[in-house]
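Peer 1: This is the structure I have questions about; it appears just below.
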Protein chains: 2
Amino acid sequence: MPDGAYHHGDLRNALIKAALDLLNESGPEGVSLRAVARRAGVSHAAPYHHFVDKAALMDAVALTGFKMLRDAIMSAHSEAELGLQQYRQAGMAYARFGFDNEALFRLMFRPGATDRTEVWDFARAMYDEVREASANAAPDVESRLMARTGWVAIHGTTMLILDGLLEADTPQEREQLLEEITMMLGLGFIPR
Amino acid sequence: MPDGAYHHGDLRNALIKAALDLLNESGPEGVSLRAVARRAGVSHAAPYHHFVDKAALMDAVALTGFKMLRDAIMSAHSEAELGLQQYRQAGMAYARFGFDNEALFRLMFRPGATDRTEVWDFARAMYDEVREASANAAPDVESRLMARTGWVAIHGTTMLILDGLLEADTPQEREQLLEEITMMLGLGFIPR
DNA sequence: ACCTGAACACCGTTCAAGT
DNA sequence: ACCTGAACACCGTTCAAGT
């Protein structure tokens with residue numbers, strides 16, 4: 001598929017790709033529907049044949065983001081053996097993804113103007129996947145609470161660092177901050 | 001100061017007020033600079049005599065939001081006696097503020113296009129204020145870690161509930177979810 | 001079926017001009 | 001000093017028309 005290949009039916013994906021590129025080149029402000037179309041080499045009306053809305057395109061971008069996040073998490077997860085270590089690695093991967101893809105990460109956690117159940121279903125499935133894969137980390141009842149607490153703490157930490165409210169500019173400072181927080185979560189000293 | 005009072009020098013605050021009103025009436029989409037000016041009864045060019053930017057106006061709105069949040073937190077804080085209870089009440093107030101002012105809360109935690117150090121300074125001062133007011137909750141070193149962990153967990157929980165990723169639709173479900181998470185933080189069973 | 005070009009209503013920003 | 005009206009470049013969305 002040489003020049004202009006996506007004019008033969010793959011414009012939908014080309015638009016998502018263009019939006020992703022614009023997102024980490026020029027931030028959220030740079031992502032107008034017209035700019036995306038320009039980048040993909042089509043007219044500004046063309047996207048409407050593949051997405052009902054600008055919001056619908058952004059939802060598709062968010063879904064792509066969650067797929068990327070899932071891969072990053074599961075890959076980090078599989079590099080550890082013990083349940084607690086798996087959790088920690090998954091959490092670190094989550095945070096690192098946020099640091100490395102700020103604009104995308106923020107976009108992912110935003111209520112879409114359209115119905116975003118498809119994206120949310122994927123995100124929740126990802127969450128359950130990680131939790132079940134580490135189910136041997138602690139006894140049943142507490143493991144659900146532990147997973148949820150871990151999630152909200154990592155998510156909050158990532159967001160507050162991105163906002164600049166938690167001061168951690170260098171990668172080292174961020175890692176250490178995350179270390180201290182996972183410790184406080186009890187992930188370090190829960191029985192079994 | 002009867003009709004059209006803020007034409008005598010208070011337009012700046014009138015614009016902030018108008019933006020706040022629009023924010024919880026029609027959500028973030030409804031807050032265009034022109035709509036704010038319309039609501040305040042001035043021409044769309046008038047705001048530029050008080051704010052260099054639309055972003056600068058939104059920063060002022062965010063600062064107002066943090067002041068409201070501070071009042072809510074400190075008021076809840078003073079209703080408890082023991083340090084741990086004070087933390088819990090403060091955290092609950094933080095979350096409740098998010099639920100009751102979704103659009104404003106989201107706006108507050110967003111990197112302004114302009115320099116937002118003024119807003120961040122206020123937010124950090126608020127954080128230190130709460131932490132120091134509850135300093136007797138636990139021994140020194142751990143109290144800093146505890147406060148920070150509590151903050152990121154409450155913040156993450158609030159955001160993920162607002163996003164719809166953590167299912168808690170009724171106020172009761174949200175309170176219970178927050179209860180469980182504060183428990184897991186160790187705020188329930190730390191020595192002393 | 002897929003894409004385009006013109007059109008519409010709206011937006012943020014600037015600037016000369018008014019008081 | 002403070003505000004206005006017109007103007008500019010941009011945006012999201014629609015729609016008749018082209019292939």
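By convention here, the chains of the structure tokens are called A, B, ... in the order presented, each chain's residues are numbered starting at 1, and ligands are numbered starting at 1 in the order presented.
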I'd like the superposed chain B, fitted onto chain A by least squares over all Cα atoms in order, as a PDB file with C-alpha atoms, in the first residue's frame.
Peer 2:
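Generated file (superposed_28.pdb):
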ATOM      1  CA  MET B   1      -0.097  -0.035   0.049  1.00  0.00           C
ATOM      2  CA  PRO B   2       2.066   2.877  -1.188  1.00  0.00           C
ATOM      3  CA  ASP B   3       1.131   6.555  -1.379  1.00  0.00           C
ATOM      4  CA  GLY B   4      -2.251   7.595  -0.070  1.00  0.00           C
ATOM      5  CA  ALA B   5      -3.113   4.045   0.887  1.00  0.00           C
ATOM      6  CA  TYR B   6      -5.787   4.853   3.421  1.00  0.00           C
ATOM      7  CA  HIS B   7      -7.949   6.430   0.809  1.00  0.00           C
ATOM      8  CA  HIS B   8      -9.006   2.881   0.061  1.00  0.00           C
ATOM      9  CA  GLY B   9     -10.927   2.295   3.254  1.00  0.00           C
ATOM     10  CA  ASP B  10      -8.545   2.900   6.131  1.00  0.00           C
ATOM     11  CA  LEU B  11      -9.204   6.596   6.611  1.00  0.00           C
ATOM     12  CA  ARG B  12     -10.830   5.864   9.932  1.00  0.00           C
ATOM     13  CA  ASN B  13      -7.619   4.517  11.421  1.00  0.00           C
ATOM     14  CA  ALA B  14      -5.542   7.148   9.654  1.00  0.00           C
ATOM     15  CA  LEU B  15      -7.596   9.823  11.418  1.00  0.00           C
ATOM     16  CA  ILE B  16      -7.041   8.212  14.808  1.00  0.00           C
ATOM     17  CA  LYS B  17      -3.322   8.002  14.093  1.00  0.00           C
ATOM     18  CA  ALA B  18      -3.217  11.630  12.966  1.00  0.00           C
ATOM     19  CA  ALA B  19      -5.046  12.707  16.120  1.00  0.00           C
ATOM     20  CA  LEU B  20      -2.580  10.753  18.286  1.00  0.00           C
ATOM     21  CA  ASP B  21       0.358  12.370  16.515  1.00  0.00           C
ATOM     22  CA  LEU B  22      -1.056  15.856  16.883  1.00  0.00           C
ATOM     23  CA  LEU B  23      -1.804  15.131  20.517  1.00  0.00           C
ATOM     24  CA  ASN B  24       1.777  14.606  21.601  1.00  0.00           C
ATOM     25  CA  GLU B  25       3.221  17.085  19.166  1.00  0.00           C
ATOM     26  CA  SER B  26       1.104  20.103  20.002  1.00  0.00           C
ATOM     27  CA  GLY B  27      -0.941  19.070  23.032  1.00  0.00           C
ATOM     28  CA  PRO B  28      -4.721  19.074  23.319  1.00  0.00           C
ATOM     29  CA  GLU B  29      -5.070  22.563  21.840  1.00  0.00           C
ATOM     30  CA  GLY B  30      -3.540  21.390  18.591  1.00  0.00           C
ATOM     31  CA  VAL B  31      -6.139  18.729  18.000  1.00  0.00           C
ATOM     32  CA  SER B  32      -8.899  20.327  15.999  1.00  0.00           C
ATOM     33  CA  LEU B  33     -10.961  18.198  13.682  1.00  0.00           C
ATOM     34  CA  ARG B  34      -9.782  20.297  10.757  1.00  0.00           C
ATOM     35  CA  ALA B  35      -6.131  19.910  11.712  1.00  0.00           C
ATOM     36  CA  VAL B  36      -6.580  16.152  11.998  1.00  0.00           C
ATOM     37  CA  ALA B  37      -8.156  16.036   8.549  1.00  0.00           C
ATOM     38  CA  ARG B  38      -5.344  18.186   7.142  1.00  0.00           C
ATOM     39  CA  ARG B  39      -2.755  15.883   8.672  1.00  0.00           C
ATOM     40  CA  ALA B  40      -4.487  12.875   7.145  1.00  0.00           C
ATOM     41  CA  GLY B  41      -4.597  14.604   3.771  1.00  0.00           C
ATOM     42  CA  VAL B  42      -8.350  14.851   3.387  1.00  0.00           C
ATOM     43  CA  SER B  43     -10.903  17.632   3.421  1.00  0.00           C
ATOM     44  CA  HIS B  44     -12.274  18.878   6.734  1.00  0.00           C
ATOM     45  CA  ALA B  45     -15.620  17.278   5.975  1.00  0.00           C
ATOM     46  CA  ALA B  46     -14.247  13.804   5.337  1.00  0.00           C
ATOM     47  CA  PRO B  47     -14.087  12.699   9.010  1.00  0.00           C
ATOM     48  CA  TYR B  48     -17.858  12.917   9.212  1.00  0.00           C
ATOM     49  CA  HIS B  49     -18.121   9.840   7.040  1.00  0.00           C
ATOM     50  CA  HIS B  50     -16.371   7.823   9.771  1.00  0.00           C
ATOM     51  CA  PHE B  51     -17.309   9.569  13.007  1.00  0.00           C
ATOM     52  CA  VAL B  52     -20.576  11.235  13.848  1.00  0.00           C
ATOM     53  CA  ASP B  53     -18.772  13.836  15.906  1.00  0.00           C
ATOM     54  CA  LYS B  54     -15.456  15.267  16.903  1.00  0.00           C
ATOM     55  CA  ALA B  55     -16.236  13.719  20.287  1.00  0.00           C
ATOM     56  CA  ALA B  56     -16.672  10.320  18.652  1.00  0.00           C
ATOM     57  CA  LEU B  57     -13.219  10.579  17.113  1.00  0.00           C
ATOM     58  CA  MET B  58     -11.743  11.546  20.467  1.00  0.00           C
ATOM     59  CA  ASP B  59     -13.481   8.565  22.046  1.00  0.00           C
ATOM     60  CA  ALA B  60     -11.808   6.311  19.492  1.00  0.00           C
ATOM     61  CA  VAL B  61      -8.473   7.923  20.358  1.00  0.00           C
ATOM     62  CA  ALA B  62      -9.152   7.340  24.050  1.00  0.00           C
ATOM     63  CA  LEU B  63      -9.918   3.688  23.365  1.00  0.00           C
ATOM     64  CA  THR B  64      -6.617   3.345  21.499  1.00  0.00           C
ATOM     65  CA  GLY B  65      -4.941   4.928  24.522  1.00  0.00           C
ATOM     66  CA  PHE B  66      -6.447   2.354  26.853  1.00  0.00           C
ATOM     67  CA  LYS B  67      -5.246  -0.432  24.585  1.00  0.00           C
ATOM     68  CA  MET B  68      -1.720   0.992  24.726  1.00  0.00           C
ATOM     69  CA  LEU B  69      -2.004   1.287  28.498  1.00  0.00           C
ATOM     70  CA  ARG B  70      -3.204  -2.290  28.785  1.00  0.00           C
ATOM     71  CA  ASP B  71      -0.203  -3.568  26.844  1.00  0.00           C
ATOM     72  CA  ALA B  72       2.201  -1.534  28.966  1.00  0.00           C
ATOM     73  CA  ILE B  73       0.632  -2.770  32.180  1.00  0.00           C
ATOM     74  CA  MET B  74       0.395  -6.427  31.253  1.00  0.00           C
ATOM     75  CA  SER B  75       3.937  -6.437  29.935  1.00  0.00           C
ATOM     76  CA  ALA B  76       5.258  -4.951  33.190  1.00  0.00           C
ATOM     77  CA  HIS B  77       3.033  -7.303  35.143  1.00  0.00           C
ATOM     78  CA  SER B  78       4.488 -10.398  33.516  1.00  0.00           C
ATOM     79  CA  GLU B  79       8.021  -9.366  34.424  1.00  0.00           C
ATOM     80  CA  ALA B  80       7.408 -10.126  38.102  1.00  0.00           C
ATOM     81  CA  GLU B  81       6.559 -13.383  39.819  1.00  0.00           C
ATOM     82  CA  LEU B  82       5.069 -12.687  43.220  1.00  0.00           C
ATOM     83  CA  GLY B  83       1.612 -11.159  43.356  1.00  0.00           C
ATOM     84  CA  LEU B  84       2.666  -8.091  45.281  1.00  0.00           C
ATOM     85  CA  GLN B  85       5.566  -7.417  42.959  1.00  0.00           C
ATOM     86  CA  GLN B  86       3.232  -7.824  39.998  1.00  0.00           C
ATOM     87  CA  TYR B  87       0.914  -5.195  41.463  1.00  0.00           C
ATOM     88  CA  ARG B  88       3.786  -2.828  42.006  1.00  0.00           C
ATOM     89  CA  GLN B  89       5.125  -3.264  38.499  1.00  0.00           C
ATOM     90  CA  ALA B  90       1.656  -2.798  37.019  1.00  0.00           C
ATOM     91  CA  GLY B  91       1.149   0.363  39.059  1.00  0.00           C
ATOM     92  CA  MET B  92       4.497   1.770  38.051  1.00  0.00           C
ATOM     93  CA  ALA B  93       3.740   1.079  34.392  1.00  0.00           C
ATOM     94  CA  TYR B  94       0.401   2.867  34.779  1.00  0.00           C
ATOM     95  CA  ALA B  95       2.079   5.964  36.184  1.00  0.00           C
ATOM     96  CA  ARG B  96       4.915   5.903  33.667  1.00  0.00           C
ATOM     97  CA  PHE B  97       2.401   5.726  30.835  1.00  0.00           C
ATOM     98  CA  GLY B  98       0.811   8.884  32.203  1.00  0.00           C
ATOM     99  CA  PHE B  99       4.133  10.712  32.411  1.00  0.00           C
ATOM    100  CA  ASP B 100       5.151   9.705  28.901  1.00  0.00           C
ATOM    101  CA  ASN B 101       1.783  10.421  27.260  1.00  0.00           C
ATOM    102  CA  GLU B 102       0.415  13.351  29.212  1.00  0.00           C
ATOM    103  CA  ALA B 103      -2.063  14.721  26.693  1.00  0.00           C
ATOM    104  CA  LEU B 104      -3.365  11.272  25.770  1.00  0.00           C
ATOM    105  CA  PHE B 105      -3.621  10.204  29.396  1.00  0.00           C
ATOM    106  CA  ARG B 106      -5.678  13.276  30.263  1.00  0.00           C
ATOM    107  CA  LEU B 107      -7.894  12.730  27.250  1.00  0.00           C
ATOM    108  CA  MET B 108      -8.542   9.117  28.249  1.00  0.00           C
ATOM    109  CA  PHE B 109     -10.026  10.104  31.593  1.00  0.00           C
ATOM    110  CA  ARG B 110     -12.525  12.623  30.451  1.00  0.00           C
ATOM    111  CA  PRO B 111     -16.237  12.117  29.983  1.00  0.00           C
ATOM    112  CA  GLY B 112     -16.825  11.985  26.241  1.00  0.00           C
ATOM    113  CA  ALA B 113     -19.681  14.035  24.860  1.00  0.00           C
ATOM    114  CA  THR B 114     -20.986  10.862  23.278  1.00  0.00           C
ATOM    115  CA  ASP B 115     -21.708   7.648  25.063  1.00  0.00           C
ATOM    116  CA  ARG B 116     -18.400   6.328  26.327  1.00  0.00           C
ATOM    117  CA  THR B 117     -19.511   2.952  27.645  1.00  0.00           C
ATOM    118  CA  GLU B 118     -17.383   1.154  25.057  1.00  0.00           C
ATOM    119  CA  VAL B 119     -14.225   2.843  26.341  1.00  0.00           C
ATOM    120  CA  TRP B 120     -15.189   2.365  29.972  1.00  0.00           C
ATOM    121  CA  ASP B 121     -15.951  -1.308  29.403  1.00  0.00           C
ATOM    122  CA  PHE B 122     -12.486  -1.840  28.011  1.00  0.00           C
ATOM    123  CA  ALA B 123     -10.888   0.042  30.909  1.00  0.00           C
ATOM    124  CA  ARG B 124     -12.809  -1.994  33.461  1.00  0.00           C
ATOM    125  CA  ALA B 125     -11.940  -5.260  31.725  1.00  0.00           C
ATOM    126  CA  MET B 126      -8.287  -4.225  31.862  1.00  0.00           C
ATOM    127  CA  TYR B 127      -8.599  -3.537  35.559  1.00  0.00           C
ATOM    128  CA  ASP B 128     -10.204  -6.916  36.257  1.00  0.00           C
ATOM    129  CA  GLU B 129      -7.554  -8.634  34.167  1.00  0.00           C
ATOM    130  CA  VAL B 130      -4.738  -7.196  36.283  1.00  0.00           C
ATOM    131  CA  ARG B 131      -6.563  -7.902  39.504  1.00  0.00           C
ATOM    132  CA  GLU B 132      -7.304 -11.505  38.660  1.00  0.00           C
ATOM    133  CA  ALA B 133      -3.790 -12.110  37.386  1.00  0.00           C
ATOM    134  CA  SER B 134      -2.510 -11.078  40.813  1.00  0.00           C
ATOM    135  CA  ALA B 135      -5.272 -12.695  42.819  1.00  0.00           C
ATOM    136  CA  ASN B 136      -2.813 -14.811  44.711  1.00  0.00           C
ATOM    137  CA  ALA B 137      -1.320 -11.686  46.286  1.00  0.00           C
ATOM    138  CA  ALA B 138      -3.650 -11.718  49.285  1.00  0.00           C
ATOM    139  CA  PRO B 139      -6.806 -13.428  50.571  1.00  0.00           C
ATOM    140  CA  ASP B 140      -9.936 -12.846  48.504  1.00  0.00           C
ATOM    141  CA  VAL B 141     -11.948 -10.194  50.251  1.00  0.00           C
ATOM    142  CA  GLU B 142      -9.068  -7.894  50.982  1.00  0.00           C
ATOM    143  CA  SER B 143      -7.521  -8.368  47.565  1.00  0.00           C
ATOM    144  CA  ARG B 144     -10.444  -6.532  45.956  1.00  0.00           C
ATOM    145  CA  LEU B 145     -10.090  -3.650  48.359  1.00  0.00           C
ATOM    146  CA  MET B 146      -6.346  -3.644  47.946  1.00  0.00           C
ATOM    147  CA  ALA B 147      -6.531  -3.532  44.177  1.00  0.00           C
ATOM    148  CA  ARG B 148      -9.013  -0.685  44.245  1.00  0.00           C
ATOM    149  CA  THR B 149      -7.087   1.322  46.783  1.00  0.00           C
ATOM    150  CA  GLY B 150      -3.918   0.789  44.798  1.00  0.00           C
ATOM    151  CA  TRP B 151      -5.612   1.976  41.651  1.00  0.00           C
ATOM    152  CA  VAL B 152      -7.042   5.180  43.076  1.00  0.00           C
ATOM    153  CA  ALA B 153      -3.752   6.029  44.780  1.00  0.00           C
ATOM    154  CA  ILE B 154      -1.648   5.459  41.676  1.00  0.00           C
ATOM    155  CA  HIS B 155      -4.165   7.326  39.546  1.00  0.00           C
ATOM    156  CA  GLY B 156      -4.288  10.249  41.960  1.00  0.00           C
ATOM    157  CA  THR B 157      -0.518  10.385  42.228  1.00  0.00           C
ATOM    158  CA  THR B 158      -0.054  10.355  38.478  1.00  0.00           C
ATOM    159  CA  MET B 159      -2.608  13.093  37.938  1.00  0.00           C
ATOM    160  CA  LEU B 160      -1.327  15.315  40.726  1.00  0.00           C
ATOM    161  CA  ILE B 161       2.241  14.980  39.465  1.00  0.00           C
ATOM    162  CA  LEU B 162       1.112  15.858  35.948  1.00  0.00           C
ATOM    163  CA  ASP B 163      -0.778  18.824  37.354  1.00  0.00           C
ATOM    164  CA  GLY B 164       2.409  19.962  39.050  1.00  0.00           C
ATOM    165  CA  LEU B 165       0.834  19.870  42.502  1.00  0.00           C
ATOM    166  CA  LEU B 166       3.045  17.069  43.738  1.00  0.00           C
ATOM    167  CA  GLU B 167       6.573  18.200  43.140  1.00  0.00           C
ATOM    168  CA  ALA B 168       8.492  15.485  41.347  1.00  0.00           C
ATOM    169  CA  ASP B 169      10.233  16.761  38.262  1.00  0.00           C
ATOM    170  CA  THR B 170      12.921  14.192  37.597  1.00  0.00           C
ATOM    171  CA  PRO B 171      12.075  10.555  36.838  1.00  0.00           C
ATOM    172  CA  GLN B 172      13.982   9.584  39.997  1.00  0.00           C
ATOM    173  CA  GLU B 173      11.835  11.799  42.201  1.00  0.00           C
ATOM    174  CA  ARG B 174       8.682  10.400  40.638  1.00  0.00           C
ATOM    175  CA  GLU B 175       9.773   6.810  41.165  1.00  0.00           C
ATOM    176  CA  GLN B 176      10.644   7.511  44.782  1.00  0.00           C
ATOM    177  CA  LEU B 177       7.339   9.239  45.404  1.00  0.00           C
ATOM    178  CA  LEU B 178       5.506   6.263  43.956  1.00  0.00           C
ATOM    179  CA  GLU B 179       7.613   3.917  46.081  1.00  0.00           C
ATOM    180  CA  GLU B 180       6.684   5.756  49.251  1.00  0.00           C
ATOM    181  CA  ILE B 181       3.029   5.754  48.380  1.00  0.00           C
ATOM    182  CA  THR B 182       2.830   2.073  47.484  1.00  0.00           C
ATOM    183  CA  MET B 183       4.538   1.409  50.825  1.00  0.00           C
ATOM    184  CA  MET B 184       1.911   3.395  52.683  1.00  0.00           C
ATOM    185  CA  LEU B 185      -0.825   1.476  50.910  1.00  0.00           C
ATOM    186  CA  GLY B 186       0.079  -1.585  52.858  1.00  0.00           C
ATOM    187  CA  LEU B 187       1.231  -3.295  49.702  1.00  0.00           C
ATOM    188  CA  GLY B 188       4.554  -3.530  51.468  1.00  0.00           C
ATOM    189  CA  PHE B 189       3.511  -5.208  54.684  1.00  0.00           C
ATOM    190  CA  ILE B 190       0.195  -6.978  54.297  1.00  0.00           C
ATOM    191  CA  PRO B 191       0.260 -10.542  55.710  1.00  0.00           C
ATOM    192  CA  ARG B 192       0.954 -13.273  53.128  1.00  0.00           C
TER     193      ARG B 192
END
Peer 1: Where does chain C meet chain A within 10 Å, residue by residue, with the nearest atom pair and distance in Å to one decimal for each, counting only C-alpha atoms (C1' of nucleotides), listed by chain and rising number, as a Markdown table?
Peer 2:
| residue | atom | partner | partner_atom | distance |
| --- | --- | --- | --- | --- |
| C:DA1 | C1' | A:His49 | CA | 9.7 |
| C:DC2 | C1' | A:His49 | CA | 7.5 |
| C:DC3 | C1' | A:Ala46 | CA | 6.1 |
| C:DT4 | C1' | A:Ser43 | CA | 6.7 |
| C:DG5 | C1' | A:Ser43 | CA | 9.0 |
Peer 1: Take the selection from the previous step and output its residues with N, CA and C atoms (P, O5', C5', C4', C3', O3' and C1' of nucleotides), as a PDB file, in the first residue's frame.
Peer 2:
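Now in again34.pdb:
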ATOM      1  P    DA C   1     -24.298   2.420   0.025  1.00  0.00           P
ATOM      2  O5'  DA C   1     -22.713   2.664   0.209  1.00  0.00           O
ATOM      3  C5'  DA C   1     -21.793   1.623   0.391  1.00  0.00           C
ATOM      4  C4'  DA C   1     -20.405   2.160   0.137  1.00  0.00           C
ATOM      5  C3'  DA C   1     -19.863   3.048   1.255  1.00  0.00           C
ATOM      6  O3'  DA C   1     -18.475   2.737   1.432  1.00  0.00           O
ATOM      7  C1'  DA C   1     -19.924   4.277  -0.754  1.00  0.00           C
ATOM      8  P    DC C   2     -17.627   3.398   2.600  1.00  0.00           P
ATOM      9  O5'  DC C   2     -17.089   4.711   1.890  1.00  0.00           O
ATOM     10  C5'  DC C   2     -15.903   4.628   1.104  1.00  0.00           C
ATOM     11  C4'  DC C   2     -15.628   5.968   0.479  1.00  0.00           C
ATOM     12  C3'  DC C   2     -15.180   7.045   1.472  1.00  0.00           C
ATOM     13  O3'  DC C   2     -13.827   7.362   1.183  1.00  0.00           O
ATOM     14  C1'  DC C   2     -16.756   7.886  -0.096  1.00  0.00           C
ATOM     15  P    DC C   3     -13.007   8.347   2.169  1.00  0.00           P
ATOM     16  O5'  DC C   3     -13.236   9.760   1.474  1.00  0.00           O
ATOM     17  C5'  DC C   3     -12.604  10.007   0.218  1.00  0.00           C
ATOM     18  C4'  DC C   3     -13.180  11.242  -0.401  1.00  0.00           C
ATOM     19  C3'  DC C   3     -12.899  12.542   0.354  1.00  0.00           C
ATOM     20  O3'  DC C   3     -11.855  13.249  -0.308  1.00  0.00           O
ATOM     21  C1'  DC C   3     -15.108  12.456  -0.562  1.00  0.00           C
ATOM     22  P    DT C   4     -11.407  14.696   0.258  1.00  0.00           P
ATOM     23  O5'  DT C   4     -12.385  15.666  -0.525  1.00  0.00           O
ATOM     24  C5'  DT C   4     -12.337  15.719  -1.942  1.00  0.00           C
ATOM     25  C4'  DT C   4     -13.248  16.816  -2.453  1.00  0.00           C
ATOM     26  C3'  DT C   4     -12.955  18.195  -1.868  1.00  0.00           C
ATOM     27  O3'  DT C   4     -12.726  19.100  -2.925  1.00  0.00           O
ATOM     28  C1'  DT C   4     -15.275  17.668  -1.659  1.00  0.00           C
ATOM     29  P    DG C   5     -11.936  20.487  -2.691  1.00  0.00           P
ATOM     30  O5'  DG C   5     -13.115  21.555  -2.765  1.00  0.00           O
ATOM     31  C5'  DG C   5     -14.224  21.313  -3.626  1.00  0.00           C
ATOM     32  C4'  DG C   5     -15.189  22.472  -3.564  1.00  0.00           C
ATOM     33  C3'  DG C   5     -14.636  23.760  -2.961  1.00  0.00           C
ATOM     34  O3'  DG C   5     -15.227  24.867  -3.634  1.00  0.00           O
ATOM     35  C1'  DG C   5     -16.338  22.864  -1.525  1.00  0.00           C
TER      36       DG C   5
END
Peer 1: Can you tell me, as a ChimeraX atom specification, what residues are no more than 12 Å from D:DC8 when counting only C-alpha atoms (C1' of nucleotides), ignoring any on the same chain fewer than 4 positions away?
Peer 2: /C:11-15
Peer 1: Taking C-alpha atoms (C1' of nucleotides) for each residue, export the selection above as a CSV table (one decimal), in the first residue's frame.
Peer 2:
chain,number,residue,atom,x,y,z
C,11,DC,C1',-15.3,31.3,18.7
C,12,DG,C1',-10.7,33.9,20.6
C,13,DT,C1',-8.1,37.9,19.7
C,14,DT,C1',-6.9,42.6,18.0
C,15,DC,C1',-7.5,47.4,17.3
